[in-house]
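For reference, entry_38.cif (mmCIF, C-alpha atoms; chains and numbers go by the auth columns):
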data_protein
#
loop_
_atom_site.group_PDB
_atom_site.id
_atom_site.type_symbol
_atom_site.label_atom_id
_atom_site.label_comp_id
_atom_site.label_asym_id
_atom_site.label_seq_id
_atom_site.Cartn_x
_atom_site.Cartn_y
_atom_site.Cartn_z
_atom_site.B_iso_or_equiv
_atom_site.auth_seq_id
_atom_site.auth_asym_id
ATOM 1 C CA MET A 1 9.090 -13.903 -33.447 0.00 841 A
ATOM 2 C CA SER A 2 7.963 -10.647 -31.824 0.00 842 A
ATOM 3 C CA ALA A 3 10.471 -8.372 -30.102 0.00 843 A
ATOM 4 C CA THR A 4 7.782 -7.374 -27.618 0.00 844 A
ATOM 5 C CA LYS A 5 8.703 -8.468 -24.109 0.00 845 A
ATOM 6 C CA PRO A 6 5.975 -10.389 -22.269 0.00 846 A
ATOM 7 C CA ILE A 7 6.933 -8.558 -19.054 0.00 847 A
ATOM 8 C CA PRO A 8 7.854 -4.910 -19.722 0.00 848 A
ATOM 9 C CA ASP A 9 11.142 -3.705 -18.240 0.00 849 A
ATOM 10 C CA ASP A 10 9.577 -1.051 -16.042 0.00 850 A
ATOM 11 C CA TYR A 11 6.865 -3.250 -14.477 0.00 851 A
ATOM 12 C CA PRO A 12 7.341 -5.565 -11.499 0.00 852 A
ATOM 13 C CA ARG A 13 5.903 -9.080 -11.723 0.00 853 A
ATOM 14 C CA VAL A 14 3.361 -8.409 -8.962 0.00 854 A
ATOM 15 C CA THR A 15 1.552 -5.074 -8.745 0.00 855 A
ATOM 16 C CA PRO A 16 -1.377 -4.141 -6.524 0.00 856 A
ATOM 17 C CA TYR A 17 -4.287 -2.614 -8.426 0.00 857 A
ATOM 18 C CA LEU A 18 -6.545 -0.504 -6.208 0.00 858 A
ATOM 19 C CA CYS A 19 -10.065 0.528 -7.033 0.00 859 A
ATOM 20 C CA VAL A 20 -11.255 3.573 -5.105 0.00 860 A
ATOM 21 C CA ASP A 21 -14.148 5.936 -4.896 0.00 861 A
ATOM 22 C CA GLY A 22 -12.058 9.040 -5.597 0.00 862 A
ATOM 23 C CA ALA A 23 -8.908 8.000 -7.466 0.00 863 A
ATOM 24 C CA GLU A 24 -7.597 11.545 -7.807 0.00 864 A
ATOM 25 C CA ALA A 25 -7.800 12.053 -4.032 0.00 865 A
ATOM 26 C CA ALA A 26 -6.198 8.621 -3.521 0.00 866 A
ATOM 27 C CA ILE A 27 -3.252 9.639 -5.703 0.00 867 A
ATOM 28 C CA ASP A 28 -2.895 12.820 -3.652 0.00 868 A
ATOM 29 C CA PHE A 29 -2.957 10.701 -0.462 0.00 869 A
ATOM 30 C CA LEU A 30 -0.191 8.421 -1.770 0.00 870 A
ATOM 31 C CA VAL A 31 1.921 11.426 -2.777 0.00 871 A
ATOM 32 C CA THR A 32 1.457 13.025 0.658 0.00 872 A
ATOM 33 C CA VAL A 33 2.043 9.894 2.742 0.00 873 A
ATOM 34 C CA PHE A 34 4.659 7.987 0.737 0.00 874 A
ATOM 35 C CA GLY A 35 6.138 10.629 -1.554 0.00 875 A
ATOM 36 C CA ALA A 36 4.684 8.655 -4.478 0.00 876 A
ATOM 37 C CA LYS A 37 5.405 9.819 -8.015 0.00 877 A
ATOM 38 C CA GLU A 38 2.595 9.648 -10.536 0.00 878 A
ATOM 39 C CA ARG A 39 3.846 8.126 -13.757 0.00 879 A
ATOM 40 C CA MET A 40 0.669 7.989 -15.824 0.00 880 A
ATOM 41 C CA ARG A 41 -3.027 8.761 -15.766 0.00 881 A
ATOM 42 C CA MET A 42 -5.886 7.987 -18.167 0.00 882 A
ATOM 43 C CA PRO A 43 -8.702 10.478 -17.614 0.00 883 A
ATOM 44 C CA MET A 44 -12.190 9.334 -18.506 0.00 884 A
ATOM 45 C CA PRO A 45 -15.408 11.221 -19.236 0.00 885 A
ATOM 46 C CA GLY A 46 -17.078 12.659 -16.171 0.00 886 A
ATOM 47 C CA GLY A 47 -13.796 13.382 -14.421 0.00 887 A
ATOM 48 C CA LYS A 48 -13.066 9.788 -13.434 0.00 888 A
ATOM 49 C CA ILE A 49 -9.684 8.099 -13.727 0.00 889 A
ATOM 50 C CA GLY A 50 -9.784 4.939 -15.815 0.00 890 A
ATOM 51 C CA HIS A 51 -6.231 3.932 -14.932 0.00 891 A
ATOM 52 C CA ALA A 52 -3.296 5.510 -13.132 0.00 892 A
ATOM 53 C CA GLU A 53 0.118 4.367 -12.000 0.00 893 A
ATOM 54 C CA VAL A 54 2.178 5.696 -9.105 0.00 894 A
ATOM 55 C CA MET A 55 5.616 4.692 -7.935 0.00 895 A
ATOM 56 C CA ILE A 56 6.336 4.331 -4.239 0.00 896 A
ATOM 57 C CA GLY A 57 10.101 3.985 -4.213 0.00 897 A
ATOM 58 C CA ASP A 58 10.740 1.098 -6.597 0.00 898 A
ATOM 59 C CA GLY A 59 7.213 -0.274 -6.122 0.00 899 A
ATOM 60 C CA LEU A 60 4.315 0.282 -8.470 0.00 900 A
ATOM 61 C CA VAL A 61 0.667 0.770 -7.519 0.00 901 A
ATOM 62 C CA MET A 62 -2.028 0.907 -10.173 0.00 902 A
ATOM 63 C CA LEU A 63 -5.428 2.372 -9.433 0.00 903 A
ATOM 64 C CA SER A 64 -8.704 3.543 -10.898 0.00 904 A
ATOM 65 C CA ASP A 65 -11.986 5.027 -9.877 0.00 905 A
ATOM 66 C CA GLU A 66 -14.930 2.749 -9.211 0.00 906 A
ATOM 67 C CA TYR A 67 -17.010 1.601 -12.168 0.00 907 A
ATOM 68 C CA PRO A 68 -20.006 -0.158 -10.572 0.00 908 A
ATOM 69 C CA GLU A 69 -21.560 -0.871 -13.972 0.00 909 A
ATOM 70 C CA MET A 70 -18.522 -3.090 -14.697 0.00 910 A
ATOM 71 C CA GLY A 71 -18.322 -4.608 -11.203 0.00 911 A
ATOM 72 C CA VAL A 72 -15.244 -2.525 -10.329 0.00 912 A
ATOM 73 C CA LEU A 73 -15.781 -1.533 -6.692 0.00 913 A
ATOM 74 C CA GLY A 74 -13.552 -0.250 -3.917 0.00 914 A
ATOM 75 C CA PRO A 75 -13.394 -1.606 -0.377 0.00 915 A
ATOM 76 C CA LYS A 76 -15.962 0.812 1.032 0.00 916 A
ATOM 77 C CA SER A 77 -18.518 -0.356 -1.532 0.00 917 A
ATOM 78 C CA VAL A 78 -17.936 -4.035 -0.747 0.00 918 A
ATOM 79 C CA GLY A 79 -17.795 -3.665 3.037 0.00 919 A
ATOM 80 C CA GLY A 80 -14.025 -3.655 3.649 0.00 920 A
ATOM 81 C CA THR A 81 -10.890 -5.368 2.447 0.00 921 A
ATOM 82 C CA ALA A 82 -9.198 -8.678 3.129 0.00 922 A
ATOM 83 C CA VAL A 83 -5.895 -7.381 1.691 0.00 923 A
ATOM 84 C CA THR A 84 -3.052 -5.512 3.380 0.00 924 A
ATOM 85 C CA ILE A 85 -0.534 -3.603 1.297 0.00 925 A
ATOM 86 C CA SER A 86 2.889 -3.646 2.975 0.00 926 A
ATOM 87 C CA VAL A 87 5.410 -0.913 2.289 0.00 927 A
ATOM 88 C CA TYR A 88 8.946 -0.679 3.647 0.00 928 A
ATOM 89 C CA VAL A 89 9.743 2.957 4.426 0.00 929 A
ATOM 90 C CA GLU A 90 12.698 4.860 5.864 0.00 930 A
ATOM 91 C CA ASP A 91 10.731 5.985 8.944 0.00 931 A
ATOM 92 C CA SER A 92 7.547 4.120 9.832 0.00 932 A
ATOM 93 C CA ASP A 93 6.671 6.560 12.613 0.00 933 A
ATOM 94 C CA ALA A 94 6.832 9.609 10.333 0.00 934 A
ATOM 95 C CA THR A 95 5.022 7.842 7.475 0.00 935 A
ATOM 96 C CA PHE A 96 2.295 6.644 9.837 0.00 936 A
ATOM 97 C CA ALA A 97 1.871 10.151 11.272 0.00 937 A
ATOM 98 C CA ARG A 98 1.512 11.619 7.746 0.00 938 A
ATOM 99 C CA ALA A 99 -1.110 8.987 6.914 0.00 939 A
ATOM 100 C CA VAL A 100 -3.174 9.756 9.999 0.00 940 A
ATOM 101 C CA GLU A 101 -2.842 13.492 9.374 0.00 941 A
ATOM 102 C CA ALA A 102 -4.042 12.891 5.786 0.00 942 A
ATOM 103 C CA GLY A 103 -7.185 11.106 7.004 0.00 943 A
ATOM 104 C CA ALA A 104 -6.175 7.490 7.637 0.00 944 A
ATOM 105 C CA THR A 105 -7.646 5.535 10.545 0.00 945 A
ATOM 106 C CA VAL A 106 -5.305 3.766 12.967 0.00 946 A
ATOM 107 C CA GLU A 107 -5.669 0.001 12.781 0.00 947 A
ATOM 108 C CA GLN A 108 -2.503 -0.905 14.769 0.00 948 A
ATOM 109 C CA PRO A 109 -0.190 1.772 16.155 0.00 949 A
ATOM 110 C CA VAL A 110 3.493 1.692 15.256 0.00 950 A
ATOM 111 C CA GLU A 111 5.533 -0.594 17.491 0.00 951 A
ATOM 112 C CA THR A 112 8.734 -2.600 17.344 0.00 952 A
ATOM 113 C CA HIS A 113 8.143 -6.308 16.714 0.00 953 A
ATOM 114 C CA PHE A 114 10.169 -9.321 17.859 0.00 954 A
ATOM 115 C CA TYR A 115 11.288 -10.088 14.296 0.00 955 A
ATOM 116 C CA GLY A 116 13.159 -6.785 13.926 0.00 956 A
ATOM 117 C CA ASP A 117 10.659 -4.495 12.202 0.00 957 A
ATOM 118 C CA ARG A 118 8.978 -1.355 13.491 0.00 958 A
ATOM 119 C CA ALA A 119 5.543 -1.251 11.902 0.00 959 A
ATOM 120 C CA GLY A 120 2.038 0.124 12.118 0.00 960 A
ATOM 121 C CA GLN A 121 -1.152 -0.419 10.173 0.00 961 A
ATOM 122 C CA PHE A 122 -3.778 2.047 8.985 0.00 962 A
ATOM 123 C CA ILE A 123 -6.867 2.165 6.794 0.00 963 A
ATOM 124 C CA ASP A 124 -6.639 4.892 4.174 0.00 964 A
ATOM 125 C CA PRO A 125 -9.613 7.217 3.593 0.00 965 A
ATOM 126 C CA PHE A 126 -10.695 4.973 0.697 0.00 966 A
ATOM 127 C CA GLY A 127 -10.839 1.728 2.700 0.00 967 A
ATOM 128 C CA HIS A 128 -7.506 0.095 1.820 0.00 968 A
ATOM 129 C CA ARG A 129 -5.356 -1.350 4.626 0.00 969 A
ATOM 130 C CA TRP A 130 -1.652 -0.441 4.637 0.00 970 A
ATOM 131 C CA ASN A 131 1.209 -1.725 6.766 0.00 971 A
ATOM 132 C CA VAL A 132 4.208 0.633 6.969 0.00 972 A
ATOM 133 C CA THR A 133 7.442 -0.939 8.141 0.00 973 A
ATOM 134 C CA THR A 134 11.004 0.076 8.897 0.00 974 A
ATOM 135 C CA HIS A 135 13.541 -2.686 9.482 0.00 975 A
ATOM 136 C CA VAL A 136 15.351 -1.795 12.722 0.00 976 A
ATOM 137 C CA GLU A 137 17.188 -4.995 13.696 0.00 977 A
ATOM 138 C CA ASP A 138 18.705 -7.966 11.900 0.00 978 A
ATOM 139 C CA VAL A 139 17.623 -10.994 13.925 0.00 979 A
ATOM 140 C CA ALA A 140 19.454 -14.304 13.482 0.00 980 A
ATOM 141 C CA ALA A 141 17.259 -17.352 12.795 0.00 981 A
ATOM 142 C CA ASP A 142 17.922 -18.976 16.194 0.00 982 A
ATOM 143 C CA GLU A 143 17.177 -15.728 18.033 0.00 983 A
ATOM 144 C CA LEU A 144 14.045 -15.217 15.967 0.00 984 A
ATOM 145 C CA ASP A 145 12.856 -18.684 16.918 0.00 985 A
ATOM 146 C CA ARG A 146 13.659 -18.058 20.602 0.00 986 A
ATOM 147 C CA ARG A 147 11.684 -14.801 20.565 0.00 987 A
ATOM 148 C CA ARG A 148 8.772 -16.428 18.758 0.00 988 A
ATOM 149 C CA VAL A 149 8.568 -19.208 21.359 0.00 989 A
ATOM 150 C CA GLU A 150 8.864 -16.675 24.178 0.00 990 A
ATOM 151 C CA MET A 151 6.054 -14.600 22.731 0.00 991 A
ATOM 152 C CA PHE A 152 3.671 -17.265 21.479 0.00 992 A
ATOM 153 C CA GLY A 153 4.764 -20.484 23.148 0.00 993 A
ATOM 154 C CA GLY A 154 6.118 -23.700 21.609 0.00 994 A
#

Using structure tokens, write down the structure from this file.
Amino acid sequence: MSATKPIPDDYPRVTPYLCVDGAEAAIDFLVTVFGAKERMRMPMPGGKIGHAEVMIGDGLVMLSDEYPEMGVLGPKSVGGTAVTISVYVEDSDATFARAVEAGATVEQPVETHFYGDRAGQFIDPFGHRWNVTTHVEDVAADELDRRRVEMFGG
């Protein structure tokens, strides 16, 4: 039997894989906004990135440049995204401000929500939607339900 682990120790079970038109710039964006740490990069001919991995805290994001000839397209090339990437951060206001300063478009401004999180949503310059959240209040289940009913009705 092989000693190779089917799930490597340093990889989470679920990892977003982003395709972008401009992977190098996307890595720079993630470093600027989230303090991401690049852990690997596979350069390809023509200056493209075939695969890269960045850590955002204990989370992993994989990404590559677009390869239209292989059907690998980013959100701008396909007309948008149906996916939101959620990231818990120490300060959602500061993270959101860095994102906007780095070229992101505001989708939903940062606000405190009834369930105890302060969050905002932006579209990065490459077309991916991000939700940045800071947990600001522990809300008991009965209080959460009361607030939900108050906000949305029964």

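Among A:Ser842, A:Thr921, A:Thr973, A:Ser904, the residue with the shortest atom-to-atom distance to Gly890 in chain A, counting all atoms listed in the file, is A:Ser904.
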
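The space separating CA of Ala980 in chain A from CA of Tyr955 in chain A comes to 9.2 Å.
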
**Message:** Could you tell me, as a ChimeraX atom specification, exactly which residues end up selected when the PyMOL selection byres ((chain A and resi 915) around 12) is applied to this structure?
**Reply:** /A:858-862,905-906,912-914,916-924,963-969

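When only C-alpha atoms are used to measure the gap to Val901 in chain A, the shortest distance among A:Ala865, A:Ala876, A:Ile889, A:Tyr857 belongs to A:Tyr857.
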
Which centre and edge lengths in Å to one decimal define the box along x, y and z that fits every listed atom of range 852-867 of chain A plus 4 Å per side, as AutoDock Vina command-line options?
--center_x -3.4 --center_y 1.5 --center_z -7.6 --size_x 29.5 --size_y 29.1 --size_z 16.2

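Proximity of A:Val871, A:Val989, A:Leu900, A:Ala866 to Val854 in chain A, computed with only C-alpha atoms, is greatest for A:Leu900.
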